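Here is data.cif, consisting of mmCIF, C-alpha atoms:
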```cif
data_final
loop_
_atom_site.label_atom_id
_atom_site.label_comp_id
_atom_site.auth_asym_id
_atom_site.auth_seq_id
_atom_site.Cartn_x
_atom_site.Cartn_y
_atom_site.Cartn_z
CA MET A 1 -39.71 3.04 -24.65
CA GLU A 2 -37.65 5.97 -25.95
CA ARG A 3 -34.05 5.41 -26.92
CA ARG A 4 -31.13 6.97 -28.77
CA LYS A 5 -27.61 5.90 -29.58
CA LEU A 6 -24.84 7.09 -27.30
CA ASN A 7 -23.30 10.20 -28.78
CA GLU A 8 -19.58 10.23 -29.58
CA ILE A 9 -18.57 11.72 -26.21
CA GLU A 10 -20.65 9.24 -24.19
CA TYR A 11 -19.42 6.32 -26.30
CA LEU A 12 -15.78 7.25 -25.77
CA LEU A 13 -16.17 7.51 -21.99
CA LEU A 14 -18.06 4.22 -21.84
CA THR A 15 -14.83 2.49 -22.87
CA PHE A 16 -13.27 3.65 -19.58
CA GLY A 17 -15.33 0.89 -18.00
CA GLN A 18 -16.82 0.74 -14.54
CA PRO A 19 -16.70 2.12 -11.99
CA ASN A 20 -16.17 5.58 -13.43
CA ASN A 21 -18.23 7.70 -11.07
CA ILE A 22 -18.67 11.27 -9.95
CA SER A 23 -19.50 11.51 -6.26
CA MET A 24 -19.99 14.73 -4.32
CA CYS A 25 -21.42 15.74 -0.97
CA ILE A 26 -22.96 18.95 0.25
CA THR A 27 -23.23 19.54 4.00
CA ILE A 28 -26.28 21.50 5.13
CA LYS A 29 -26.94 22.98 8.56
CA GLY A 30 -30.57 22.58 9.50
CA GLU A 31 -33.19 19.92 10.16
CA LEU A 32 -33.83 17.51 7.28
CA ASP A 33 -37.38 17.03 5.98
CA LEU A 34 -37.24 13.69 4.16
CA GLU A 35 -40.54 14.20 2.39
CA LYS A 36 -39.33 17.50 0.95
CA LEU A 37 -36.06 15.91 -0.13
CA ARG A 38 -37.86 13.01 -1.83
CA ASN A 39 -40.04 15.49 -3.72
CA ALA A 40 -37.01 17.61 -4.70
CA LEU A 41 -35.24 14.55 -6.12
CA ASP A 42 -38.33 13.62 -8.13
CA LEU A 43 -38.59 17.13 -9.58
CA ALA A 44 -34.87 17.17 -10.46
CA GLN A 45 -35.30 13.81 -12.18
CA GLU A 46 -38.14 15.26 -14.26
CA LYS A 47 -36.06 18.31 -15.20
CA HIS A 48 -32.97 16.34 -16.23
CA PRO A 49 -33.79 13.34 -18.50
CA MET A 50 -30.36 11.77 -17.96
CA LEU A 51 -31.48 11.00 -14.40
CA LYS A 52 -34.17 8.72 -15.85
CA ALA A 53 -31.88 6.92 -18.30
CA GLN A 54 -30.36 3.48 -18.48
CA ILE A 55 -27.74 2.13 -20.90
CA TYR A 56 -28.91 -0.67 -23.16
CA PHE A 57 -26.53 -2.96 -25.06
CA GLU A 58 -27.85 -4.44 -28.30
CA ASP A 59 -25.42 -6.54 -30.35
CA GLU A 60 -22.51 -4.13 -30.95
CA GLU A 61 -24.51 -0.96 -30.35
CA GLN A 62 -25.17 0.96 -27.15
CA PHE A 63 -28.22 3.08 -26.45
CA LEU A 64 -29.59 5.33 -23.74
CA ILE A 65 -33.14 4.24 -22.99
CA TRP A 66 -36.02 5.95 -21.20
CA GLY A 67 -38.97 3.91 -20.05
CA ASP A 68 -39.93 2.11 -16.89
CA ILE A 69 -37.17 3.63 -14.73
CA ASN A 70 -37.46 3.93 -10.95
CA SER A 71 -37.18 7.08 -8.90
CA ILE A 72 -33.70 8.05 -7.75
CA PRO A 73 -32.70 5.63 -4.97
CA LEU A 74 -32.45 7.40 -1.60
CA ASP A 75 -30.66 5.77 1.31
CA VAL A 76 -30.93 7.43 4.76
CA ILE A 77 -28.01 6.76 7.12
CA PRO A 78 -27.47 8.03 10.70
CA ARG A 79 -24.78 10.72 10.80
CA LYS A 80 -22.71 9.11 13.53
CA LYS A 81 -19.61 11.25 13.01
CA LYS A 82 -18.71 14.54 11.35
CA GLU A 83 -16.73 13.28 8.35
CA LEU A 84 -18.57 10.02 7.66
CA TYR A 85 -19.31 11.45 4.21
CA ARG A 86 -15.62 11.10 3.29
CA GLU A 87 -15.63 7.34 3.93
CA ILE A 88 -18.88 6.87 2.04
CA ILE A 89 -17.70 8.86 -0.99
CA GLU A 90 -14.48 6.85 -1.15
CA GLN A 91 -16.63 3.72 -1.37
CA GLU A 92 -19.10 5.30 -3.80
CA PHE A 93 -16.27 6.10 -6.19
CA ILE A 94 -15.53 2.40 -6.71
CA THR A 95 -19.08 0.99 -6.53
CA PRO A 96 -20.35 0.35 -10.10
CA PHE A 97 -23.88 0.86 -11.35
CA ASP A 98 -26.05 -1.91 -12.76
CA MET A 99 -26.50 -1.33 -16.49
CA GLY A 100 -28.84 -2.90 -19.01
CA ILE A 101 -32.47 -3.18 -20.08
CA ASN A 102 -33.24 -5.52 -17.17
CA TYR A 103 -32.24 -2.92 -14.56
CA LYS A 104 -34.83 -0.36 -13.50
CA ASN A 105 -32.74 1.95 -11.32
CA PRO A 106 -31.28 5.07 -12.98
CA LEU A 107 -27.54 5.73 -13.15
CA ILE A 108 -27.66 7.93 -10.06
CA ARG A 109 -27.99 7.19 -6.36
CA VAL A 110 -28.35 9.43 -3.33
CA LYS A 111 -27.39 8.92 0.29
CA VAL A 112 -28.24 11.32 3.09
CA LEU A 113 -26.45 11.28 6.44
CA GLN A 114 -28.98 12.55 8.95
CA SER A 115 -28.67 14.13 12.37
CA GLU A 116 -30.88 16.58 14.26
CA THR A 117 -29.07 19.76 13.21
CA VAL A 118 -26.89 18.86 10.19
CA PHE A 119 -27.22 16.53 7.21
CA ASP A 120 -24.92 15.51 4.35
CA LEU A 121 -26.41 15.00 0.89
CA ILE A 122 -24.25 12.62 -1.19
CA ILE A 123 -24.93 12.21 -4.91
CA THR A 124 -23.16 9.64 -7.08
CA ILE A 125 -23.60 9.50 -10.88
CA GLN A 126 -22.15 7.31 -13.59
CA HIS A 127 -19.76 9.57 -15.52
CA VAL A 128 -21.25 8.57 -18.90
CA ILE A 129 -24.38 10.64 -18.15
CA ALA A 130 -22.80 13.61 -16.35
CA ASP A 131 -19.71 15.79 -16.09
CA GLY A 132 -18.31 17.69 -13.13
CA ILE A 133 -20.23 20.93 -13.67
CA SER A 134 -23.46 18.90 -13.98
CA MET A 135 -23.12 18.10 -10.29
CA ALA A 136 -23.16 21.79 -9.37
CA PHE A 137 -26.29 22.34 -11.48
CA LEU A 138 -27.93 19.29 -9.90
CA PHE A 139 -27.17 20.28 -6.29
CA ARG A 140 -28.49 23.77 -7.00
CA ASP A 141 -31.72 22.44 -8.54
CA ILE A 142 -32.35 19.97 -5.72
CA LEU A 143 -31.90 22.67 -3.08
CA GLU A 144 -34.15 25.07 -5.00
CA PHE A 145 -36.88 22.42 -5.32
CA TYR A 146 -36.45 21.56 -1.63
CA ILE A 147 -37.04 25.18 -0.60
CA ASN A 148 -39.53 26.01 -3.34
CA PRO A 149 -41.38 22.86 -4.51
CA GLN A 150 -43.73 25.00 -6.67
CA LYS A 151 -40.86 26.34 -8.79
CA LYS A 152 -41.69 26.13 -12.49
CA PHE A 153 -39.26 24.49 -14.91
CA LYS A 154 -39.01 23.08 -18.41
CA PRO A 155 -37.44 19.61 -18.87
CA PHE A 156 -34.38 19.37 -21.14
CA GLU A 157 -36.14 17.11 -23.65
CA ILE A 158 -33.61 17.84 -26.41
CA VAL A 159 -31.00 15.91 -24.40
CA LYS A 160 -32.72 12.63 -25.17
CA GLU A 161 -33.70 13.54 -28.73
CA THR A 162 -30.34 14.43 -30.27
CA GLU A 163 -27.36 12.11 -30.60
CA ASN A 164 -25.18 14.06 -33.06
CA ILE A 165 -23.93 16.84 -30.81
CA LEU A 166 -20.43 17.50 -32.16
CA PRO A 167 -19.96 20.60 -34.37
CA SER A 168 -20.93 19.94 -37.98
CA ASP A 169 -17.41 20.60 -39.29
CA ILE A 170 -16.05 17.98 -36.87
CA ARG A 171 -18.75 15.46 -37.77
CA LYS A 172 -17.58 15.59 -41.39
CA LYS A 173 -14.15 14.40 -40.23
CA ILE A 174 -15.39 11.51 -38.09
CA PRO A 175 -14.26 8.21 -39.63
CA LYS A 176 -17.00 6.18 -41.26
CA SER A 177 -15.04 2.93 -41.06
CA LYS A 178 -12.54 1.24 -38.70
CA CYS A 179 -9.65 1.70 -41.14
CA ARG A 180 -8.30 4.96 -39.69
CA PHE A 181 -8.52 3.60 -36.15
CA LYS A 182 -6.52 0.50 -37.14
CA ILE A 183 -3.79 2.61 -38.73
CA VAL A 184 -3.55 5.04 -35.79
CA SER A 185 -3.62 2.28 -33.16
CA TRP A 186 -0.81 0.51 -35.02
CA LEU A 187 1.26 3.73 -35.03
CA ILE A 188 0.58 4.29 -31.33
CA LYS A 189 1.73 0.76 -30.50
CA ILE A 190 4.99 1.51 -32.32
CA GLY A 191 5.30 4.75 -30.32
CA VAL A 192 4.77 2.89 -27.03
CA LEU A 193 7.42 0.31 -27.93
CA PHE A 194 9.81 3.16 -28.79
CA TYR A 195 9.26 4.90 -25.44
CA ARG A 196 9.62 1.59 -23.58
CA LEU A 197 12.97 1.08 -25.28
CA ILE A 198 14.11 4.56 -24.23
CA ASP A 199 13.02 3.88 -20.64
CA LYS A 200 14.91 0.61 -20.62
CA PHE A 201 18.15 2.38 -21.54
CA ARG A 202 17.54 5.07 -18.92
CA SER A 203 16.93 2.61 -16.12
CA GLU A 204 17.52 -1.12 -16.38
CA SER A 205 15.37 -1.83 -13.34
CA LYS A 206 12.39 0.34 -14.29
CA GLU A 207 9.16 -1.55 -14.87
CA PRO A 208 6.20 0.00 -16.69
CA ASN A 209 3.35 1.03 -14.41
CA GLN A 210 0.21 -1.05 -14.63
CA LEU A 211 -2.54 1.38 -15.53
CA GLU A 212 -5.36 -1.16 -15.33
CA PHE A 213 -6.54 -3.21 -12.35
CA ASP A 214 -7.50 -6.86 -12.70
CA ASN A 215 -10.17 -6.30 -10.07
CA ILE A 216 -10.88 -2.79 -8.88
CA ASN A 217 -12.72 -4.19 -5.86
CA ASP A 218 -9.32 -5.20 -4.49
CA GLN A 219 -8.24 -1.55 -4.52
CA THR A 220 -8.97 1.25 -2.07
CA LEU A 221 -9.70 4.70 -3.44
CA LYS A 222 -8.56 7.40 -1.04
CA THR A 223 -8.94 11.16 -0.91
CA TYR A 224 -6.53 13.82 0.27
CA SER A 225 -8.04 17.30 0.62
CA TRP A 226 -6.90 20.81 1.47
CA ILE A 227 -8.28 24.35 1.25
CA PHE A 228 -6.88 27.76 0.40
CA ASN A 229 -8.38 30.21 2.89
CA LYS A 230 -10.04 33.43 1.66
CA GLN A 231 -6.81 35.42 1.73
CA GLN A 232 -4.80 32.72 -0.05
CA THR A 233 -7.54 32.32 -2.66
CA MET A 234 -7.78 36.07 -3.24
CA ASP A 235 -3.98 36.43 -3.52
CA PHE A 236 -3.75 33.49 -5.94
CA ILE A 237 -6.52 34.74 -8.25
CA LYS A 238 -5.23 38.32 -8.09
CA LYS A 239 -1.74 37.19 -9.10
CA CYS A 240 -3.14 35.17 -12.02
CA LYS A 241 -4.96 38.28 -13.25
CA GLU A 242 -1.82 40.40 -12.88
CA GLN A 243 0.16 37.86 -14.90
CA ARG A 244 -2.71 37.57 -17.44
CA ILE A 245 -2.90 33.82 -17.22
CA SER A 246 -5.74 31.45 -16.38
CA VAL A 247 -6.18 29.94 -12.93
CA GLN A 248 -6.05 26.48 -14.55
CA SER A 249 -2.61 27.23 -16.00
CA ALA A 250 -1.27 28.27 -12.59
CA LEU A 251 -2.79 25.19 -10.94
CA CYS A 252 -1.13 22.91 -13.47
CA THR A 253 2.19 24.73 -13.12
CA MET A 254 2.14 23.97 -9.38
CA PHE A 255 2.41 20.25 -10.21
CA LEU A 256 4.50 20.32 -13.41
CA GLU A 257 7.72 19.35 -11.69
CA ASP A 258 6.22 15.99 -10.67
CA PHE A 259 3.78 15.65 -13.60
CA PRO A 260 5.03 17.15 -16.89
CA ILE A 261 1.97 15.72 -18.70
CA ILE A 262 -1.38 16.90 -17.33
CA ASN A 263 -4.87 16.21 -18.62
CA ASN A 264 -7.02 19.36 -18.72
CA PRO A 265 -10.78 18.64 -18.92
CA ILE A 266 -12.52 21.09 -21.26
CA ASN A 267 -16.14 22.25 -20.88
CA LEU A 268 -17.70 21.75 -24.33
CA ARG A 269 -21.17 23.16 -23.62
CA ASP A 270 -20.70 26.27 -25.76
CA ARG A 271 -18.93 24.34 -28.54
CA LEU A 272 -21.61 21.77 -29.36
CA ASP A 273 -24.06 21.75 -32.24
CA TYR A 274 -27.16 22.26 -30.11
CA PRO A 275 -27.80 24.18 -26.87
CA VAL A 276 -27.54 21.95 -23.82
CA GLY A 277 -27.78 24.83 -21.35
CA GLN A 278 -27.37 23.79 -17.72
CA SER A 279 -28.62 20.25 -18.23
CA VAL A 280 -27.10 17.22 -16.56
CA GLY A 281 -25.07 15.39 -19.18
CA LEU A 282 -21.57 14.55 -20.41
CA TYR A 283 -20.34 17.62 -22.27
CA ALA A 284 -16.62 17.53 -21.54
CA SER A 285 -13.45 16.29 -23.14
CA GLY A 286 -9.79 16.52 -22.22
CA LEU A 287 -6.46 17.78 -23.53
CA ASN A 288 -3.13 16.26 -22.53
CA ILE A 289 -0.61 19.09 -22.35
CA LYS A 290 3.08 18.21 -22.09
CA LYS A 291 5.16 20.99 -20.56
CA PRO A 292 8.11 20.10 -18.30
CA TYR A 293 8.83 22.59 -15.53
CA ASN A 294 11.88 24.75 -16.24
CA PRO A 295 13.68 25.48 -12.92
CA LYS A 296 15.85 28.15 -14.60
CA ILE A 297 12.91 30.53 -14.98
CA SER A 298 10.32 31.77 -12.50
CA PHE A 299 7.09 30.03 -11.57
CA TRP A 300 5.04 32.70 -13.33
CA LYS A 301 7.12 32.46 -16.49
CA ASN A 302 6.50 28.70 -16.48
CA ALA A 303 2.81 29.38 -15.95
CA GLU A 304 2.76 31.89 -18.82
CA GLN A 305 4.33 29.34 -21.16
CA TYR A 306 1.84 26.72 -20.02
CA TYR A 307 -1.04 29.14 -20.57
CA HIS A 308 0.02 29.89 -24.14
CA LYS A 309 0.45 26.21 -24.91
CA LEU A 310 -2.95 25.39 -23.44
CA ARG A 311 -4.66 28.20 -25.38
CA LYS A 312 -2.97 27.08 -28.59
CA ASN A 313 -4.56 23.67 -28.14
CA LEU A 314 -8.09 24.99 -27.53
CA SER A 315 -9.00 25.07 -31.21
CA SER A 316 -11.87 22.79 -32.26
CA ASP A 317 -9.51 20.53 -34.20
CA LYS A 318 -7.44 19.92 -31.06
CA VAL A 319 -10.30 19.73 -28.54
CA PHE A 320 -12.30 17.33 -30.71
CA GLY A 321 -9.24 15.70 -32.25
CA ILE A 322 -9.77 12.32 -30.60
CA PHE A 323 -13.06 11.92 -32.49
CA LYS A 324 -11.18 11.90 -35.80
CA ILE A 325 -9.72 8.58 -34.68
CA ILE A 326 -12.33 7.04 -32.42
CA SER A 327 -15.99 6.95 -33.33
CA ARG A 328 -18.99 4.68 -32.87
CA VAL A 329 -17.93 2.62 -35.90
CA VAL A 330 -15.09 1.15 -33.80
CA PRO A 331 -16.38 -1.77 -31.66
CA ILE A 332 -16.26 -1.01 -27.98
CA GLU A 333 -14.22 -4.18 -27.35
CA SER A 334 -11.49 -2.82 -29.64
CA LEU A 335 -11.46 0.50 -27.80
CA ILE A 336 -11.23 -1.20 -24.42
CA LYS A 337 -8.18 -3.18 -25.60
CA PHE A 338 -6.67 -0.04 -27.10
CA ARG A 339 -7.19 2.20 -24.04
CA PRO A 340 -4.22 1.12 -21.87
CA ILE A 341 -1.86 1.46 -24.84
CA PHE A 342 -3.17 4.94 -25.61
CA LEU A 343 -2.94 5.96 -21.93
CA GLU A 344 0.63 4.74 -21.74
CA LEU A 345 1.65 6.89 -24.68
CA ALA A 346 -0.46 9.93 -23.75
CA SER A 347 0.56 10.05 -20.09
CA ARG A 348 3.89 8.22 -20.11
CA ASN A 349 2.52 5.76 -17.51
CA ASN A 350 1.69 8.60 -15.14
CA PRO A 351 -1.93 9.71 -15.79
CA PHE A 352 -2.70 12.93 -13.93
CA THR A 353 -5.75 15.17 -14.29
CA ILE A 354 -6.72 18.54 -12.82
CA THR A 355 -10.46 19.21 -13.09
CA ASN A 356 -11.24 22.84 -12.29
CA LEU A 357 -14.97 23.48 -11.82
CA GLY A 358 -14.35 27.17 -11.22
CA ALA A 359 -16.25 29.51 -8.90
CA LEU A 360 -19.41 27.67 -7.89
CA ASP A 361 -20.66 30.72 -5.97
CA ARG A 362 -21.78 32.28 -9.27
CA LEU A 363 -24.19 29.35 -9.79
CA ASN A 364 -26.11 30.41 -6.68
CA LEU A 365 -25.23 27.05 -5.16
CA LEU A 366 -25.10 28.56 -1.68
CA ILE A 367 -28.85 28.86 -1.56
CA SER A 368 -30.21 29.24 1.94
CA SER A 369 -33.54 29.74 3.63
CA GLU A 370 -34.61 30.74 7.10
CA ASN A 371 -33.81 27.24 8.40
CA LEU A 372 -31.11 25.92 6.02
CA PHE A 373 -27.53 26.93 5.29
CA VAL A 374 -25.02 25.22 2.97
CA ASP A 375 -21.84 24.71 4.96
CA HIS A 376 -19.49 22.66 2.79
CA LEU A 377 -19.01 20.88 -0.55
CA TYR A 378 -16.79 17.84 -1.01
CA GLY A 379 -15.93 15.28 -3.69
CA GLY A 380 -14.96 14.89 -7.34
CA VAL A 381 -14.42 12.45 -10.18
CA SER A 382 -12.90 8.96 -10.01
CA MET A 383 -11.44 6.73 -12.72
CA SER A 384 -11.65 3.01 -13.35
CA PHE A 385 -7.88 2.85 -13.84
CA GLU A 386 -4.80 3.97 -11.93
CA ALA A 387 -4.95 7.73 -12.43
CA LEU A 388 -4.37 10.64 -10.09
CA VAL A 389 -7.21 13.15 -10.21
CA ILE A 390 -7.48 16.54 -8.53
CA THR A 391 -10.87 18.26 -8.46
CA VAL A 392 -10.75 21.99 -7.73
CA PHE A 393 -13.60 24.42 -7.08
CA THR A 394 -14.11 27.71 -5.29
CA ILE A 395 -16.99 28.08 -2.86
CA LYS A 396 -17.56 30.78 -0.23
CA ASN A 397 -14.43 32.47 -1.67
CA LYS A 398 -12.25 29.52 -0.64
CA MET A 399 -10.52 27.28 -3.15
CA HIS A 400 -11.03 23.57 -2.36
CA PHE A 401 -8.78 20.75 -3.60
CA HIS A 402 -9.69 17.05 -3.57
CA PHE A 403 -6.95 14.62 -4.63
CA HIS A 404 -8.21 11.11 -5.50
CA TYR A 405 -5.83 8.17 -5.73
CA PHE A 406 -5.74 4.41 -5.42
CA SER A 407 -3.87 2.81 -2.54
CA PRO A 408 -2.05 0.71 -3.64
CA PRO A 409 -0.09 1.65 -5.69
CA HIS A 410 0.05 5.17 -4.20
CA THR A 411 0.47 6.08 -0.54
CA GLU A 412 -0.77 9.06 1.47
CA LYS A 413 2.84 10.04 2.14
CA GLU A 414 3.56 10.13 -1.60
CA ILE A 415 0.46 12.22 -2.33
CA LYS A 416 1.21 14.55 0.58
CA ASN A 417 4.72 15.14 -0.81
CA TYR A 418 3.29 16.09 -4.22
CA VAL A 419 0.93 18.56 -2.57
CA GLU A 420 3.52 20.07 -0.22
CA ASN A 421 5.95 20.57 -3.12
CA ALA A 422 3.25 22.27 -5.17
CA ILE A 423 2.10 24.57 -2.36
CA GLU A 424 5.68 25.47 -1.42
CA LYS A 425 6.37 26.42 -5.04
CA LEU A 426 3.25 28.59 -5.15
CA ASN A 427 3.96 30.29 -1.79
CA ILE A 428 7.40 31.33 -3.03
CA ALA A 429 5.84 32.61 -6.25
CA LEU A 430 3.24 34.67 -4.38
CA GLU A 431 5.94 36.36 -2.31
CA ASN A 432 7.72 37.62 -5.44
#
```
Could you render the structure from this file as structure tokens?
Amino acid sequence: MERRKLNEIEYLLLTFGQPNNISMCITIKGELDLEKLRNALDLAQEKHPMLKAQIYFEDEEQFLIWGDINSIPLDVIPRKKKELYREIIEQEFITPFDMGINYKNPLIRVKVLQSETVFDLIITIQHVIADGISMAFLFRDILEFYINPQKKFKPFEIVKETENILPSDIRKKIPKSKCRFKIVSWLIKIGVLFYRLIDKFRSESKEPNQLEFDNINDQTLKTYSWIFNKQQTMDFIKKCKEQRISVQSALCTMFLEDFPIINNPINLRDRLDYPVGQSVGLYASGLNIKKPYNPKISFWKNAEQYYHKLRKNLSSDKVFGIFKIISRVVPIESLIKFRPIFLELASRNNPFTITNLGALDRLNLLISSENLFVDHLYGGVSMSFEALVITVFTIKNKMHFHFHYFSPPHTEKEIKNYVENAIEKLNIALEN
């Protein structure tokens, strides 16, 4: 049995608990050949070692293990209605994976909704072994293997051989004992108490939000989705280029009025100490950027200020800053207890994330053959605590948005208001 310790990124995300899943669906026009799909999944599992991994807990250490692991589970379901995939993904988001040496299934599962002319391929992965862009690579590989089962490939063996992936200069700064974590956690607790006191003076009746659920199975995770058509997408991207700002900065600015603190996931693949290429794995971190919306200046001026603040925080010290506090020397139980306190300070009880996967067309995801055509992509990333998450990607020159939220505490009306306010702000900005 092969095994390695969780790297620092995987270890940190493990403290988010379960379920913390990525679930996405691709809708394909054409007749499904189950034998070809089964073969494609097996080939993808051979190419990406993380799809053959389990997490093993030994005393106070956690390992990824490779050994007697089953093929990717495949569940075939009749496609009784057009958007059944939405209901299934909402359930997949909050369905945890079995973990441990006694479990033989990998940390991925696949469901296919089958009809005579269209099928939906739904993939769900535990976030510890994959990030958002991994899903695009995985869908592409599965479709390529489906169409061309003889396609040659080389497995990403280095993924299961190397645990120290952070840049060497960052690794030198990683704490070797729990002392720094204890000091920082103590300071953060003081900060949280300070902010609570300020909130109490601002509003006597205000109660802190509960960021953790006692039992996530009692919650319902819902999705709210919308699409920019080709013209809207083209106008939006063109305006960002004219203003010399990133699309991510403009997306965040749309929501700043309601969420002055936004988490920006960062793709770390080109920043790590060894080449991970387009392998399935967790190679992402996040930056919390605080930037209240200033109504006295234009949308694009706000976006420009946000862009400069985001860029300023993209240095290695900022992107990998969390690992100077939290490392594998801190017991996972301590990190789990610390997490809600940290979230309260970092997000001011209002955790909000915009995950932008970018233009998926450039990954050749829209592969088609004489009998198959990719029609639609849907889904995103969920959290095991009360956070609002928007996943954004562009496919077929249309920008797709998927807003994930728990109900309760949030309602569809509340989420719809956030979205309408953001789109109204952008429409006004595009007219100027």
Could you build a table of the residues in stretch 124-204 of chain A lying no more than 12 Å from stretch 371-394 of chain A, giving for each the nearest pair of atoms and their separation in Å rounded to one decimal place, using all atoms listed in the file, ordered by chain and ascending residue number, as a tab-separated table?
```
residue	atom	partner	partner_atom	distance
A:Thr124	CA	A:Val381	CA	9.7
A:Ile125	CA	A:Val381	CA	9.7
A:Gln126	CA	A:Val381	CA	9.9
A:His127	CA	A:Val381	CA	8.1
A:Val128	CA	A:Val381	CA	11.7
A:Ala130	CA	A:Val381	CA	10.5
A:Asp131	CA	A:Val381	CA	8.6
A:Gly132	CA	A:Val381	CA	7.2
A:Ile133	CA	A:Phe393	CA	10.0
A:Ser134	CA	A:Gly380	CA	11.5
A:Met135	CA	A:Gly380	CA	9.3
A:Ala136	CA	A:Leu377	CA	9.8
A:Phe139	CA	A:Leu377	CA	10.0
A:Arg140	CA	A:Val374	CA	10.7
A:Leu143	CA	A:Val374	CA	9.5
A:Glu144	CA	A:Leu372	CA	11.5
A:Tyr146	CA	A:Leu372	CA	10.3
A:Ile147	CA	A:Leu372	CA	8.9
```
Using the chain letters and numbers from this file, what does the PyMOL selection byres ((chain A and resi 92) around 12) select? Give the answer as a PyMOL selection string.
chain A and resi 18-25+85-91+93-97+108-111+122-126+217+220-222+379-383
List the residues matched by the PyMOL selection byres ((chain A and resi 51) around 12) in the displayed structure as a VMD selection string, ordered by chain and then by residue number.
chain A and resid 41 to 50 52 to 55 64 to 67 69 to 73 104 to 110 123 to 130 134 to 135 138 155 to 156 159 to 160 279 to 281
What does the distance from atom CA of A:Ser285 to atom CA of A:Ile266 come to in Å, to one decimal?
5.2 Å
For atom CA of A:Pro331 and atom CA of A:Glu60, quote the distance in Å rounded to one decimal.
6.6 Å
Please indicate the distance in Å from atom CA of A:His410 to atom CA of A:Glu10, rounded to one decimal place.
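Result for atom CA of A:His410 versus atom CA of A:Glu10: 29.1 Å, one decimal.
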What does the PyMOL selection byres ((chain A and resi 294-297) around 12) select in this file, as a list in words?
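When the PyMOL selection byres ((chain A and resi 294-297) around 12) is applied, the selected residues are Thr253, Met254, Leu256, Glu257, Asp258, Pro260, Lys291, Pro292, Tyr293, Ser298, Phe299, Trp300, Lys301, Asn302, Ala303, Glu304, Gln305, Tyr306, Lys425 and Ala429 of chain A.
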Write out as a PyMOL selection string the residues lying within 10 Å of A:Leu12, counting only C-alpha atoms and excluding same-chain residues fewer than 4 positions away.
chain A and resi 6-8+16+128+285+322-323+326-328+332+335-336
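Remark: for A:Gln114, the closest of the candidate residues A:Ile415, A:Ile101, A:Leu37, A:Leu343 is A:Leu37 (distances computed over only C-alpha atoms).
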Give me the residues within 6 Å of A:Tyr56 as a ChimeraX atom specification, counting all atoms listed in the file and dropping any in the same chain fewer than 5 places off.
/A:62-63,100-101
Please identify all polymer residues lying at most 7 Å from the point (-16.8, 5.2, -35.9) (file coordinates), using only C-alpha atoms, and present the result as a VMD selection string.
chain A and resid 174 to 178 326 to 330
Neighbours of A:Val192 within 12 Å (all atoms listed in the file; same-chain residues fewer than 2 positions away dropped), as a PyMOL selection string?
chain A and resi 185-190+194-199+208+338+340-349
Selected stretch 416-427 of chain A, written as a PDB file, in the first residue's frame, N, CA and C atoms:
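The new file result03.pdb reads:
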```pdb
ATOM      1  N   LYS A 416     -31.872  36.290  -4.616  1.00  0.00           N
ATOM      2  CA  LYS A 416     -32.305  36.954  -5.850  1.00  0.00           C
ATOM      3  C   LYS A 416     -32.090  38.462  -5.764  1.00  0.00           C
ATOM      4  N   ASN A 417     -32.320  39.051  -4.586  1.00  0.00           N
ATOM      5  CA  ASN A 417     -32.095  40.487  -4.404  1.00  0.00           C
ATOM      6  C   ASN A 417     -30.622  40.841  -4.561  1.00  0.00           C
ATOM      7  N   TYR A 418     -29.734  40.003  -3.987  1.00  0.00           N
ATOM      8  CA  TYR A 418     -28.297  40.233  -4.146  1.00  0.00           C
ATOM      9  C   TYR A 418     -27.922  40.249  -5.629  1.00  0.00           C
ATOM     10  N   VAL A 419     -28.438  39.270  -6.350  1.00  0.00           N
ATOM     11  CA  VAL A 419     -28.094  39.119  -7.767  1.00  0.00           C
ATOM     12  C   VAL A 419     -28.661  40.275  -8.586  1.00  0.00           C
ATOM     13  N   GLU A 420     -29.912  40.623  -8.346  1.00  0.00           N
ATOM     14  CA  GLU A 420     -30.534  41.711  -9.106  1.00  0.00           C
ATOM     15  C   GLU A 420     -29.820  43.034  -8.859  1.00  0.00           C
ATOM     16  N   ASN A 421     -29.412  43.282  -7.612  1.00  0.00           N
ATOM     17  CA  ASN A 421     -28.671  44.508  -7.300  1.00  0.00           C
ATOM     18  C   ASN A 421     -27.335  44.537  -8.045  1.00  0.00           C
ATOM     19  N   ALA A 422     -26.672  43.388  -8.070  1.00  0.00           N
ATOM     20  CA  ALA A 422     -25.367  43.306  -8.737  1.00  0.00           C
ATOM     21  C   ALA A 422     -25.499  43.513 -10.235  1.00  0.00           C
ATOM     22  N   ILE A 423     -26.482  42.863 -10.850  1.00  0.00           N
ATOM     23  CA  ILE A 423     -26.657  42.978 -12.307  1.00  0.00           C
ATOM     24  C   ILE A 423     -27.108  44.383 -12.691  1.00  0.00           C
ATOM     25  N   GLU A 424     -27.975  44.992 -11.880  1.00  0.00           N
ATOM     26  CA  GLU A 424     -28.410  46.353 -12.148  1.00  0.00           C
ATOM     27  C   GLU A 424     -27.221  47.309 -12.116  1.00  0.00           C
ATOM     28  N   LYS A 425     -26.336  47.112 -11.131  1.00  0.00           N
ATOM     29  CA  LYS A 425     -25.157  47.964 -11.012  1.00  0.00           C
ATOM     30  C   LYS A 425     -24.271  47.808 -12.249  1.00  0.00           C
ATOM     31  N   LEU A 426     -24.101  46.578 -12.694  1.00  0.00           N
ATOM     32  CA  LEU A 426     -23.255  46.323 -13.867  1.00  0.00           C
ATOM     33  C   LEU A 426     -23.879  46.895 -15.137  1.00  0.00           C
ATOM     34  N   ASN A 427     -25.192  46.722 -15.306  1.00  0.00           N
ATOM     35  CA  ASN A 427     -25.862  47.232 -16.521  1.00  0.00           C
ATOM     36  C   ASN A 427     -25.690  48.746 -16.647  1.00  0.00           C
TER      37      ASN A 427
END
```
